>>> print(open('upload04.csv').read())   # CSV, C-alpha atoms and all ligand atoms
chain,number,residue,atom,x,y,z
F,1,MET,CA,-23.8,-3.4,48.4
F,2,GLU,CA,-24.4,-2.6,44.7
F,3,LEU,CA,-26.0,0.7,45.6
F,4,GLY,CA,-22.9,1.6,47.6
F,5,TRP,CA,-20.7,1.1,44.6
F,6,LEU,CA,-23.0,3.0,42.4
F,7,LEU,CA,-23.0,6.0,44.8
F,8,TRP,CA,-19.2,5.8,45.0
F,9,GLY,CA,-19.0,5.8,41.2
F,10,ALA,CA,-21.4,8.7,40.9
F,11,ALA,CA,-19.4,10.7,43.5
F,12,VAL,CA,-16.1,10.1,41.7
F,13,LEU,CA,-17.6,11.1,38.3
F,14,LEU,CA,-19.1,14.3,40.0
F,15,LEU,CA,-15.7,15.1,41.5
F,16,LEU,CA,-13.9,14.7,38.2
F,17,HIS,CA,-16.5,16.8,36.5
F,18,VAL,CA,-16.1,19.6,39.1
F,19,LEU,CA,-12.3,19.4,38.9
F,20,MET,CA,-12.4,19.5,35.1
F,21,GLU,CA,-14.6,22.6,35.2
F,22,LEU,CA,-12.4,24.3,37.8
F,23,SER,CA,-9.0,23.5,36.4
F,24,PRO,CA,-7.9,23.5,32.7
F,25,ALA,CA,-4.9,21.4,33.7
F,26,VAL,CA,-7.0,18.6,35.1
F,27,ASN,CA,-9.4,18.9,32.1
F,28,PHE,CA,-6.4,18.5,29.7
F,29,VAL,CA,-4.7,15.7,31.5
F,30,LEU,CA,-8.0,13.7,31.8
F,31,ARG,CA,-9.0,14.2,28.2
F,32,ILE,CA,-5.6,13.3,26.8
F,33,GLY,CA,-5.3,10.5,29.3
F,34,PHE,CA,-8.6,9.2,28.1
F,35,TYR,CA,-7.3,9.3,24.5
F,36,TYR,CA,-4.2,7.2,25.6
F,37,VAL,CA,-6.5,4.7,27.3
F,38,LEU,CA,-8.8,4.4,24.3
F,39,CYS,CA,-5.7,3.8,22.0
F,40,ILE,CA,-4.2,1.2,24.4
F,41,VAL,CA,-7.5,-0.7,25.1
F,42,PHE,CA,-8.8,-0.7,21.6
F,43,SER,CA,-5.4,-1.7,20.2
F,44,ALA,CA,-5.5,-4.7,22.6
F,45,LEU,CA,-9.0,-5.6,21.4
F,46,THR,CA,-8.3,-5.0,17.7
F,47,ALA,CA,-5.0,-6.9,17.5
F,48,PRO,CA,-6.6,-10.4,17.9
F,49,VAL,CA,-9.3,-9.4,15.3
F,50,CYS,CA,-6.5,-8.4,12.8
F,51,LEU,CA,-4.7,-11.7,13.5
F,52,LEU,CA,-7.8,-13.8,13.0
F,53,VAL,CA,-9.0,-12.0,9.9
F,54,ASN,CA,-5.8,-11.4,8.1
F,55,GLY,CA,-3.3,-13.7,9.8
F,56,GLY,CA,-0.4,-11.2,10.5
F,57,ARG,CA,1.3,-8.0,9.4
F,58,THR,CA,-0.5,-6.6,6.4
F,59,VAL,CA,-1.9,-3.3,5.1
F,60,LYS,CA,-5.3,-5.0,4.9
F,61,ASN,CA,-5.5,-4.6,8.7
F,62,MET,CA,-5.6,-0.9,8.3
F,63,ARG,CA,-9.3,-1.2,7.2
F,64,ILE,CA,-10.1,-2.8,10.6
F,65,ILE,CA,-8.0,-0.2,12.5
F,66,LYS,CA,-9.6,2.6,10.5
F,67,THR,CA,-13.1,1.4,11.4
F,68,VAL,CA,-12.2,1.4,15.1
F,69,VAL,CA,-10.3,4.7,15.2
F,70,LYS,CA,-13.0,6.5,13.3
F,71,THR,CA,-15.3,6.2,16.3
F,72,PHE,CA,-12.9,8.0,18.6
F,73,LYS,CA,-13.9,11.5,17.4
F,74,TYR,CA,-17.3,11.2,19.0
F,75,PHE,CA,-15.7,10.9,22.5
F,76,PHE,CA,-14.0,14.2,22.1
F,77,GLY,CA,-16.6,16.2,20.2
F,78,LEU,CA,-14.3,16.5,17.1
F,79,ARG,CA,-15.8,17.0,13.6
F,80,PHE,CA,-14.0,16.6,10.3
F,81,GLU,CA,-15.0,18.4,7.2
F,82,VAL,CA,-13.3,16.6,4.3
F,83,LYS,CA,-12.9,17.9,0.7
F,84,GLY,CA,-11.1,16.5,-2.3
F,85,LEU,CA,-11.2,12.8,-1.6
F,86,GLU,CA,-11.5,12.2,-5.3
F,87,ASN,CA,-7.9,13.3,-5.6
F,88,PHE,CA,-6.8,10.0,-4.1
F,89,GLU,CA,-8.2,8.2,-7.1
F,90,VAL,CA,-4.9,8.0,-9.1
F,91,GLU,CA,-4.0,4.8,-10.9
F,92,GLY,CA,-1.4,2.8,-9.0
F,93,PRO,CA,0.7,3.9,-6.0
F,94,ALA,CA,1.3,7.4,-4.7
F,95,ILE,CA,3.0,9.2,-1.9
F,96,ILE,CA,0.7,11.1,0.4
F,97,VAL,CA,2.2,13.9,2.4
F,98,SER,CA,0.4,15.7,5.3
F,99,ASN,CA,1.0,18.1,8.2
F,100,HIS,CA,1.5,16.5,11.6
F,101,GLN,CA,0.3,18.5,14.6
F,102,SER,CA,-0.3,16.0,17.4
F,103,ILE,CA,-0.9,12.4,18.4
F,104,LEU,CA,-4.6,13.3,17.8
F,105,ASP,CA,-3.7,13.2,14.1
F,106,MET,CA,-4.3,9.4,14.1
F,107,MET,CA,-8.1,10.3,14.1
F,108,GLY,CA,-7.7,12.7,11.2
F,109,LEU,CA,-5.5,10.1,9.4
F,110,MET,CA,-8.2,7.4,9.6
F,111,GLU,CA,-10.9,9.8,8.6
F,112,VAL,CA,-9.5,10.0,5.0
F,113,LEU,CA,-7.1,7.0,4.7
F,114,PRO,CA,-7.5,5.3,1.3
F,115,ASP,CA,-7.3,1.5,1.0
F,116,ASP,CA,-3.9,-0.1,0.7
F,117,CYS,CA,-2.0,2.8,2.2
F,118,VAL,CA,0.9,2.3,4.8
F,119,GLN,CA,2.4,5.1,6.9
F,120,VAL,CA,6.1,5.8,7.6
F,121,GLY,CA,6.6,6.1,11.4
F,122,LYS,CA,9.5,6.4,13.8
F,123,LYS,CA,10.7,3.0,15.0
F,124,GLU,CA,10.2,4.0,18.7
F,125,LEU,CA,6.4,3.5,18.1
F,126,MET,CA,7.0,-0.2,17.7
F,127,TYR,CA,7.7,-0.4,21.5
F,128,ALA,CA,4.5,1.5,22.6
F,129,GLY,CA,2.9,-1.6,24.1
F,130,THR,CA,-0.4,-2.7,22.4
F,131,VAL,CA,-0.4,0.5,20.3
F,132,GLY,CA,3.0,-0.6,18.9
F,133,LEU,CA,1.5,-4.0,18.2
F,134,ILE,CA,-1.4,-2.6,16.2
F,135,ILE,CA,0.8,-0.3,14.3
F,136,TYR,CA,3.1,-3.2,13.4
F,137,LEU,CA,0.1,-5.3,12.3
F,138,GLY,CA,-1.1,-2.5,10.2
F,139,GLY,CA,2.1,-2.6,8.1
F,140,VAL,CA,3.6,0.7,9.1
F,141,ILE,CA,7.1,1.2,7.8
F,142,PHE,CA,9.5,1.9,10.6
F,143,ILE,CA,12.5,4.2,10.2
F,144,ASN,CA,15.3,5.1,12.5
F,145,ARG,CA,15.5,8.9,12.6
F,146,LYS,CA,18.8,8.7,14.4
F,147,SER,CA,20.5,7.1,11.3
F,148,THR,CA,20.1,8.9,8.0
F,149,THR,CA,21.8,6.1,6.2
F,150,SER,CA,19.4,3.4,7.5
F,151,ALA,CA,16.4,5.7,7.0
F,152,LYS,CA,17.4,6.3,3.4
F,153,MET,CA,17.9,2.6,2.8
F,154,VAL,CA,14.4,1.8,4.1
F,155,MET,CA,12.9,4.5,2.0
F,156,ALA,CA,14.8,3.2,-1.1
F,157,GLU,CA,13.5,-0.3,-0.4
F,158,VAL,CA,9.9,1.1,-0.2
F,159,ALA,CA,10.3,2.9,-3.5
F,160,LYS,CA,11.0,-0.5,-5.1
F,161,THR,CA,8.2,-2.5,-3.3
F,162,MET,CA,5.4,0.1,-3.4
F,163,THR,CA,5.0,-0.4,-7.2
F,164,ALA,CA,5.2,-4.2,-7.0
F,165,ASP,CA,2.7,-4.3,-4.1
F,166,ASN,CA,0.5,-1.4,-5.4
F,167,VAL,CA,0.4,0.4,-2.1
F,168,LYS,CA,0.3,4.1,-1.3
F,169,VAL,CA,2.7,5.5,1.3
F,170,TRP,CA,1.7,8.2,3.8
F,171,VAL,CA,4.6,10.3,5.0
F,172,TYR,CA,4.7,13.3,7.5
F,173,PRO,CA,7.4,15.3,5.7
F,174,GLU,CA,7.8,17.7,8.8
F,175,GLY,CA,9.3,14.6,10.4
F,176,THR,CA,7.9,15.4,13.9
F,177,ARG,CA,4.8,16.8,15.5
F,178,ASN,CA,4.3,20.5,15.3
F,179,CYS,CA,1.3,22.3,16.7
F,180,THR,CA,2.2,25.9,16.1
F,181,GLY,CA,-0.3,26.6,13.3
F,182,ASP,CA,2.5,26.7,10.7
F,183,LEU,CA,4.6,24.1,8.9
F,184,LEU,CA,8.2,23.1,9.8
F,185,PRO,CA,10.6,22.9,6.8
F,186,PHE,CA,10.0,19.7,4.9
F,187,LYS,CA,12.5,16.8,4.9
F,188,LYS,CA,13.0,15.4,1.5
F,189,GLY,CA,12.6,11.7,2.1
F,190,ALA,CA,9.0,11.6,0.8
F,191,PHE,CA,9.9,13.4,-2.4
F,192,HIS,CA,13.0,11.3,-3.1
F,193,LEU,CA,10.7,8.3,-2.7
F,194,ALA,CA,8.1,9.8,-5.2
F,195,VAL,CA,10.8,10.5,-7.8
F,196,GLN,CA,12.5,7.2,-7.4
F,197,ALA,CA,9.3,5.3,-7.8
F,198,GLN,CA,8.0,7.8,-10.4
F,199,VAL,CA,4.7,8.1,-8.6
F,200,PRO,CA,2.6,11.2,-7.9
F,201,VAL,CA,2.6,13.2,-4.6
F,202,ILE,CA,-0.8,13.9,-3.1
F,203,PRO,CA,-0.8,16.6,-0.4
F,204,VAL,CA,-3.3,16.4,2.4
F,205,VAL,CA,-3.7,19.4,4.7
F,206,TYR,CA,-5.5,19.6,8.1
F,207,SER,CA,-6.5,23.0,9.5
F,208,SER,CA,-4.7,24.2,12.6
F,209,PHE,CA,-5.7,22.7,15.9
F,210,THR,CA,-4.6,25.7,17.9
F,211,THR,CA,-8.1,27.0,18.5
F,212,PHE,CA,-9.2,23.8,20.4
F,213,TYR,CA,-5.9,22.0,21.2
F,214,ASN,CA,-2.8,23.5,22.8
F,215,PRO,CA,-0.8,21.4,25.3
F,216,LYS,CA,1.2,24.4,26.4
F,217,LYS,CA,-2.1,26.2,27.5
F,218,ASN,CA,-3.8,23.0,28.7
F,219,LEU,CA,-6.4,23.5,26.0
F,220,PHE,CA,-8.3,20.6,24.6
F,221,THR,CA,-12.0,21.2,23.8
F,222,SER,CA,-14.3,20.0,21.1
F,223,GLY,CA,-13.6,21.5,17.6
F,224,LYS,CA,-13.9,21.3,13.9
F,225,ILE,CA,-11.0,20.2,11.6
F,226,LYS,CA,-11.1,21.0,7.9
F,227,VAL,CA,-9.3,18.5,5.7
F,228,GLU,CA,-8.4,19.0,2.1
F,229,VAL,CA,-6.9,16.4,-0.2
F,230,LEU,CA,-5.1,18.5,-2.9
F,231,PRO,CA,-4.7,17.4,-6.6
F,232,PRO,CA,-1.8,15.0,-7.3
F,233,ILE,CA,1.6,16.5,-8.3
F,234,HIS,CA,3.0,14.3,-11.0
F,235,THR,CA,6.7,13.2,-11.0
F,236,LYS,CA,7.0,11.3,-14.2
F,237,GLY,CA,10.3,12.2,-15.9
F,238,LEU,CA,11.7,14.0,-12.8
F,239,THR,CA,15.1,13.1,-11.5
F,240,SER,CA,16.9,13.5,-8.2
F,241,ASP,CA,17.9,17.0,-9.4
F,242,ASP,CA,14.3,18.0,-9.2
F,243,VAL,CA,13.6,16.9,-5.7
F,244,THR,CA,14.4,20.3,-4.0
F,245,ASP,CA,12.0,22.1,-6.4
F,246,LEU,CA,9.3,19.4,-5.9
F,247,THR,CA,9.7,19.7,-2.1
F,248,ASP,CA,9.5,23.5,-2.2
F,249,ARG,CA,6.4,23.5,-4.5
F,250,CYS,CA,4.6,21.1,-2.3
F,251,PHE,CA,5.6,23.0,0.9
F,252,ARG,CA,4.3,26.3,-0.6
F,253,THR,CA,1.0,24.8,-1.7
F,254,MET,CA,0.4,23.1,1.6
F,255,ARG,CA,1.3,26.2,3.7
F,256,GLU,CA,-1.1,28.4,1.7
F,257,THR,CA,-3.8,25.7,2.1
F,258,LEU,CA,-3.1,25.4,5.8
F,259,PHE,CA,-3.5,29.2,6.4
F,260,ARG,CA,-6.6,29.3,4.2
F,261,LEU,CA,-8.2,26.4,6.1
F,262,SER,CA,-7.2,27.9,9.4
F,263,GLY,CA,-8.6,31.4,8.6
F,264,ARG,CA,-5.2,33.1,8.4
F,265,PRO,CA,-5.2,34.6,4.9
F,266,SER,CA,-2.8,37.5,5.7
F,267,GLU,CA,0.1,35.1,6.5
F,268,ALA,CA,-0.4,33.1,3.4
F,269,LYS,CA,0.8,36.2,1.5
F,270,ASP,CA,4.0,36.3,3.5
F,271,SER,CA,4.9,32.7,2.5
F,272,SER,CA,7.2,33.2,-0.4
I,301,LIG,C1,-7.3,0.2,17.0
I,301,LIG,C2,-6.9,1.4,17.9
I,301,LIG,C3,-5.6,1.9,17.5
I,301,LIG,C4,-5.3,3.2,18.1
I,301,LIG,C5,-3.9,3.8,17.9
I,301,LIG,C6,-3.2,3.7,16.7
I,301,LIG,C7,-3.8,4.6,15.6
I,301,LIG,C8,-3.4,4.4,14.4
I,301,LIG,C9,-2.4,3.4,14.0
I,301,LIG,C10,-1.9,3.4,12.6
I,301,LIG,C11,-1.2,4.7,12.2
I,301,LIG,C12,0.2,4.8,12.6
I,301,LIG,C13,0.8,5.9,11.9
I,301,LIG,C14,2.1,6.3,12.5
I,301,LIG,C15,2.5,7.6,12.1
I,301,LIG,C16,3.8,8.0,12.7
I,301,LIG,C17,4.2,9.4,12.3
I,301,LIG,C18,5.7,9.6,12.6
I,301,LIG,O1,6.3,8.8,13.3
I,301,LIG,S1,6.4,11.0,11.9
I,301,LIG,C19,8.1,10.7,12.2
I,301,LIG,C20,8.8,9.8,11.2
I,301,LIG,N1,8.6,10.2,9.8
I,301,LIG,C21,9.5,10.9,9.2
I,301,LIG,O2,10.5,11.4,9.7
I,301,LIG,C22,9.3,11.2,7.7
I,301,LIG,C23,9.9,12.4,7.2
I,301,LIG,N2,11.4,12.3,7.1
I,301,LIG,C24,12.1,12.1,6.0
I,301,LIG,O3,11.6,12.0,5.0
I,301,LIG,C25,13.6,12.2,6.2
I,301,LIG,O4,14.2,12.8,5.0
I,301,LIG,C26,14.3,10.8,6.4
I,301,LIG,C27,13.7,10.1,7.6
I,301,LIG,C28,14.2,9.9,5.2
I,301,LIG,C29,15.8,11.1,6.7
I,301,LIG,O5,15.9,12.0,7.7
I,301,LIG,P1,17.3,12.6,8.3
I,301,LIG,O6,18.1,11.5,8.8
I,301,LIG,O7,16.9,13.8,9.2
I,301,LIG,O8,18.0,13.2,7.0
I,301,LIG,P2,17.6,14.4,6.1
I,301,LIG,O9,18.3,15.7,6.6
I,301,LIG,O10,16.2,14.5,5.8
I,301,LIG,O11,18.3,14.0,4.7
I,301,LIG,C30,19.7,14.0,4.6
I,301,LIG,C31,20.1,14.1,3.1
I,301,LIG,O12,19.6,12.9,2.4
I,301,LIG,C32,18.7,13.2,1.4
I,301,LIG,N3,17.7,12.1,1.3
I,301,LIG,C33,16.7,11.8,2.1
I,301,LIG,N4,16.0,10.7,1.8
I,301,LIG,C34,16.7,10.3,0.7
I,301,LIG,C35,16.4,9.2,-0.2
I,301,LIG,N5,15.4,8.3,0.0
I,301,LIG,N6,17.2,9.0,-1.3
I,301,LIG,C36,18.3,9.9,-1.5
I,301,LIG,N7,18.5,10.9,-0.7
I,301,LIG,C37,17.7,11.1,0.4
I,301,LIG,C38,18.1,14.5,1.7
I,301,LIG,O13,17.7,15.2,0.6
I,301,LIG,C39,19.3,15.2,2.4
I,301,LIG,O14,20.2,15.7,1.4
I,301,LIG,P3,20.3,17.3,1.1
I,301,LIG,O15,21.5,17.4,0.2
I,301,LIG,O16,20.4,18.0,2.3
I,301,LIG,O17,19.0,17.6,0.3
I,302,LIG,C1,5.6,-1.5,27.3
I,302,LIG,C2,5.7,0.0,26.9
I,302,LIG,C3,4.4,0.6,27.2
I,302,LIG,C4,4.4,2.0,26.6
I,302,LIG,C5,3.0,2.5,26.5
I,302,LIG,C6,2.9,3.7,25.6
I,302,LIG,C7,1.5,3.8,25.2
I,302,LIG,C8,1.3,4.9,24.1
I,302,LIG,C9,-0.2,4.8,24.0
I,302,LIG,C10,-0.9,5.6,23.3
I,302,LIG,C11,-0.5,6.6,22.4
I,302,LIG,C12,-1.4,6.8,21.3
I,302,LIG,C13,-0.6,7.4,20.2
I,302,LIG,C14,-1.1,6.9,18.8
I,302,LIG,C15,0.0,6.8,17.8
I,302,LIG,C16,0.6,8.2,17.6
I,302,LIG,C17,1.6,8.3,16.5
I,302,LIG,C18,2.3,9.6,16.6
I,302,LIG,O1,1.7,10.7,16.5
I,302,LIG,O2,3.6,9.5,16.8
I,302,LIG,C19,4.4,10.7,17.0
I,302,LIG,C20,5.4,10.8,15.8
I,302,LIG,O3,4.7,10.8,14.7
I,302,LIG,C21,6.3,11.9,15.9
I,302,LIG,O4,6.9,11.9,17.1
I,302,LIG,P1,7.7,13.1,17.7
I,302,LIG,O5,6.8,14.3,17.7
I,302,LIG,O6,8.9,13.4,16.9
I,302,LIG,O7,8.0,12.7,19.1
>>> encode(input="upload04.csv", output="structure tokens")
Amino acid sequence: MELGWLLWGAAVLLLLHVLMELSPAVNFVLRIGFYYVLCIVFSALTAPVCLLVNGGRTVKNMRIIKTVVKTFKYFFGLRFEVKGLENFEVEGPAIIVSNHQSILDMMGLMEVLPDDCVQVGKKELMYAGTVGLIIYLGGVIFINRKSTTSAKMVMAEVAKTMTADNVKVWVYPEGTRNCTGDLLPFKKGAFHLAVQAQVPVIPVVYSSFTTFYNPKKNLFTSGKIKVEVLPPIHTKGLTSDDVTDLTDRCFRTMRETLFRLSGRPSEAKDSS
């Protein structure tokens, strides 16, 4: 009886392997599907641990979540090469801004995430089943992207509390996923937040995924991601009039870094 099941299991695995070899679409769907399954299952297993250890919604849960998510890269053959972690060592709170290419970014996020750092996320994520629960327990700040007024109110509240609670806030200033190998124009919320709280902005750049991940081409292989934490940009003394300049400066620096890390030096020259 057991041998029968074993043979069936082996046959299914063999079939999947052959299908993956033959069809890039099957390979892509299975690998991305596996990522979803990992996220859903490990969120369900990690949520009770977070509740038992820390009792509820708190940024301290991010340490537990980080430990779990950092193991995911081994399943997909992803390697991260991180530089500049010392740039996170600023005194007190800060706004961290980074490029956002895919849902796979959660692995890259956890690779470098400093302690006591919450992310800003779209409120729809709260309803993503067990993943929503774990994101809620981790203290993620939810914003409604369909209402500028309410998003701005939440961000203004964060500006007040981040100093009191001494937390860093991670924002994806492109506001959505973008896997083109370039940056979308930055939204200004993160920079308003930094100026309102008078805290530094720390840019983090991940090299382009396009060589190993492209949903349009059903591409998802193993790969190496270079990550660079850039020096903090200070905002002491800046006012709301300086937000546009601050945003542009940060955008230019991050775009140049993105092209350098992704081996596209010629385009960096075009980015004026
Ligand atoms: C254990 C296993 C687990 C496995 C799975 C889980 C893994 C990990 C779990 C934890 C990690 C979870 C992390 C989740 C990350 C999720 C990422 C996302 O969801 S990204 C999408 C959401 N984020 C953003 O959108 C952030 C960037 N957006 C902004 O900053 C925007 O500006 C805004 C959202 C604040 C407002 O956007 P919008 O309505 O589009 O309006 P704008 O055009 O941007 O602004 C209009 C004008 O208002 C000005 N403005 C903006 N903010 C402010 C402010 N705070 N104060 C004053 N004024 C503000 C802005 O400058 C515009 O004016 P203008 O004159 O045009 O300059
Ligand atoms: C009861 C409902 C069940 C729903 C189940 C859904 C399960 C989803 C499961 C796994 C997904 C793993 C994703 C990990 C978190 C990813 C965060 C993320 O990258 O969000 C995207 C957001 O930044 C930008 O969104 P858009 O590009 O604007 O869109």
>>> closest_atom_pairs(input="upload04.csv", of="chain F", to="ligand LIG 301 (chain I)", cutoff="6 Å", atoms="all atoms listed in the file", output="CSV")
residue,atom,partner,partner_atom,distance
F:Cys39,CA,I:LIG301,C4,4.0
F:Phe42,CA,I:LIG301,C2,4.7
F:Ser43,CA,I:LIG301,C2,4.1
F:Thr46,CA,I:LIG301,C1,5.3
F:Ile65,CA,I:LIG301,C1,4.6
F:Val68,CA,I:LIG301,C1,5.4
F:Val69,CA,I:LIG301,C2,5.5
F:Met106,CA,I:LIG301,C7,5.1
F:Gln119,CA,I:LIG301,C13,5.3
F:Val120,CA,I:LIG301,N1,5.5
F:Gly121,CA,I:LIG301,O1,3.3
F:Lys122,CA,I:LIG301,O1,4.0
F:Val131,CA,I:LIG301,C5,5.4
F:Ile135,CA,I:LIG301,C10,4.9
F:Arg145,CA,I:LIG301,O6,5.3
F:Ser147,CA,I:LIG301,O6,5.6
F:Thr148,CA,I:LIG301,O6,3.4
F:Ala151,CA,I:LIG301,C28,5.1
F:Lys152,CA,I:LIG301,N5,4.4
F:Met155,CA,I:LIG301,N5,5.0
F:Ala156,CA,I:LIG301,N5,5.3
F:Val171,CA,I:LIG301,C22,5.5
F:Tyr172,CA,I:LIG301,C22,5.1
F:Pro173,CA,I:LIG301,C23,4.1
F:Glu174,CA,I:LIG301,C23,5.9
F:Gly175,CA,I:LIG301,O2,3.5
F:Thr176,CA,I:LIG301,C19,5.0
F:Lys187,CA,I:LIG301,O4,4.3
F:Lys188,CA,I:LIG301,O4,4.5
F:Gly189,CA,I:LIG301,O3,3.1
F:Ala190,CA,I:LIG301,O3,5.0
F:His192,CA,I:LIG301,N5,4.9
F:Leu193,CA,I:LIG301,N5,5.4
>>> residues_near_ligand(input="upload04.csv", ligand="ligand LIG 302 (chain I)", cutoff="6 Å", atoms="all atoms listed in the file", output="ChimeraX atom specification")
/F:36,39-40,102-103,127-129,131,176-177
>>> atom_distance(input="upload04.csv", atom1="CA of Met110 (chain F)", atom2="CA of Lys66 (chain F)")
5.1 Å
>>> closest_residue(input="upload04.csv", among="F:Trp170, F:Trp8, F:Phe259, F:Phe76", to="Tyr206 (chain F)", atoms="all atoms listed in the file")
F:Phe259
>>> closest_residue(input="upload04.csv", among="F:Ile95, F:Leu183, F:Leu38, F:Leu109", to="Phe75 (chain F)", atoms="all atoms listed in the file")
F:Leu38
>>> closest_residue(input="upload04.csv", among="F:Ser262, F:Thr149, F:Thr161, F:Ser98", to="Cys250 (chain F)", atoms="all atoms listed in the file")
F:Ser98
>>> residues_near_point(input="upload04.csv", point="(-5.6, 21.7, 27.5)", cutoff="7 Å", atoms="only C-alpha atoms", output="compact mmCIF listing (two decimals) with C-alpha atoms, in the coordinates of the input")
# COMPACT_ATOMS: atom_id res chain seq x y z
CA PRO F 24 -7.90 23.50 32.70
CA ALA F 25 -4.90 21.40 33.70
CA ASN F 27 -9.40 18.90 32.10
CA PHE F 28 -6.40 18.50 29.70
CA TYR F 213 -5.90 22.00 21.20
CA ASN F 214 -2.80 23.50 22.80
CA PRO F 215 -0.80 21.40 25.30
CA LYS F 217 -2.10 26.20 27.50
CA ASN F 218 -3.80 23.00 28.70
CA LEU F 219 -6.40 23.50 26.00
CA PHE F 220 -8.30 20.60 24.60
>>> residues_around(input="upload04.csv", residues="Gly237 (chain F)", least_positions_apart="5", cutoff="12 Å", atoms="all atoms listed in the file", output="number ranges by chain")
F: 194-200, 242-243
>>> residues_around(input="upload04.csv", residues="Leu230 (chain F)", least_positions_apart="6", cutoff="8 Å", atoms="all atoms listed in the file", output="list in words")
Gly84, Asn87, Ile202, Pro203, Val204 and Val205 of chain F
>>> atom_distance(input="upload04.csv", atom1="CA of Thr247 (chain F)", atom2="CA of Lys160 (chain F)")
20.5 Å
>>> atom_distance(input="upload04.csv", atom1="CA of Asp116 (chain F)", atom2="CA of Phe34 (chain F)")
29.3 Å
>>> closest_residue(input="upload04.csv", among="F:Glu81, F:Gly33, F:Asp182, F:Cys50", to="Thr67 (chain F)", atoms="all atoms listed in the file")
F:Cys50
>>> closest_residue(input="upload04.csv", among="F:Ala47, F:Gln101, F:Glu228, F:Gly92", to="Lys168 (chain F)", atoms="all atoms listed in the file")
F:Gly92
>>> closest_residue(input="upload04.csv", among="F:Val167, F:Leu45, F:Val37, F:Val59", to="Val140 (chain F)", atoms="all atoms listed in the file")
F:Val59
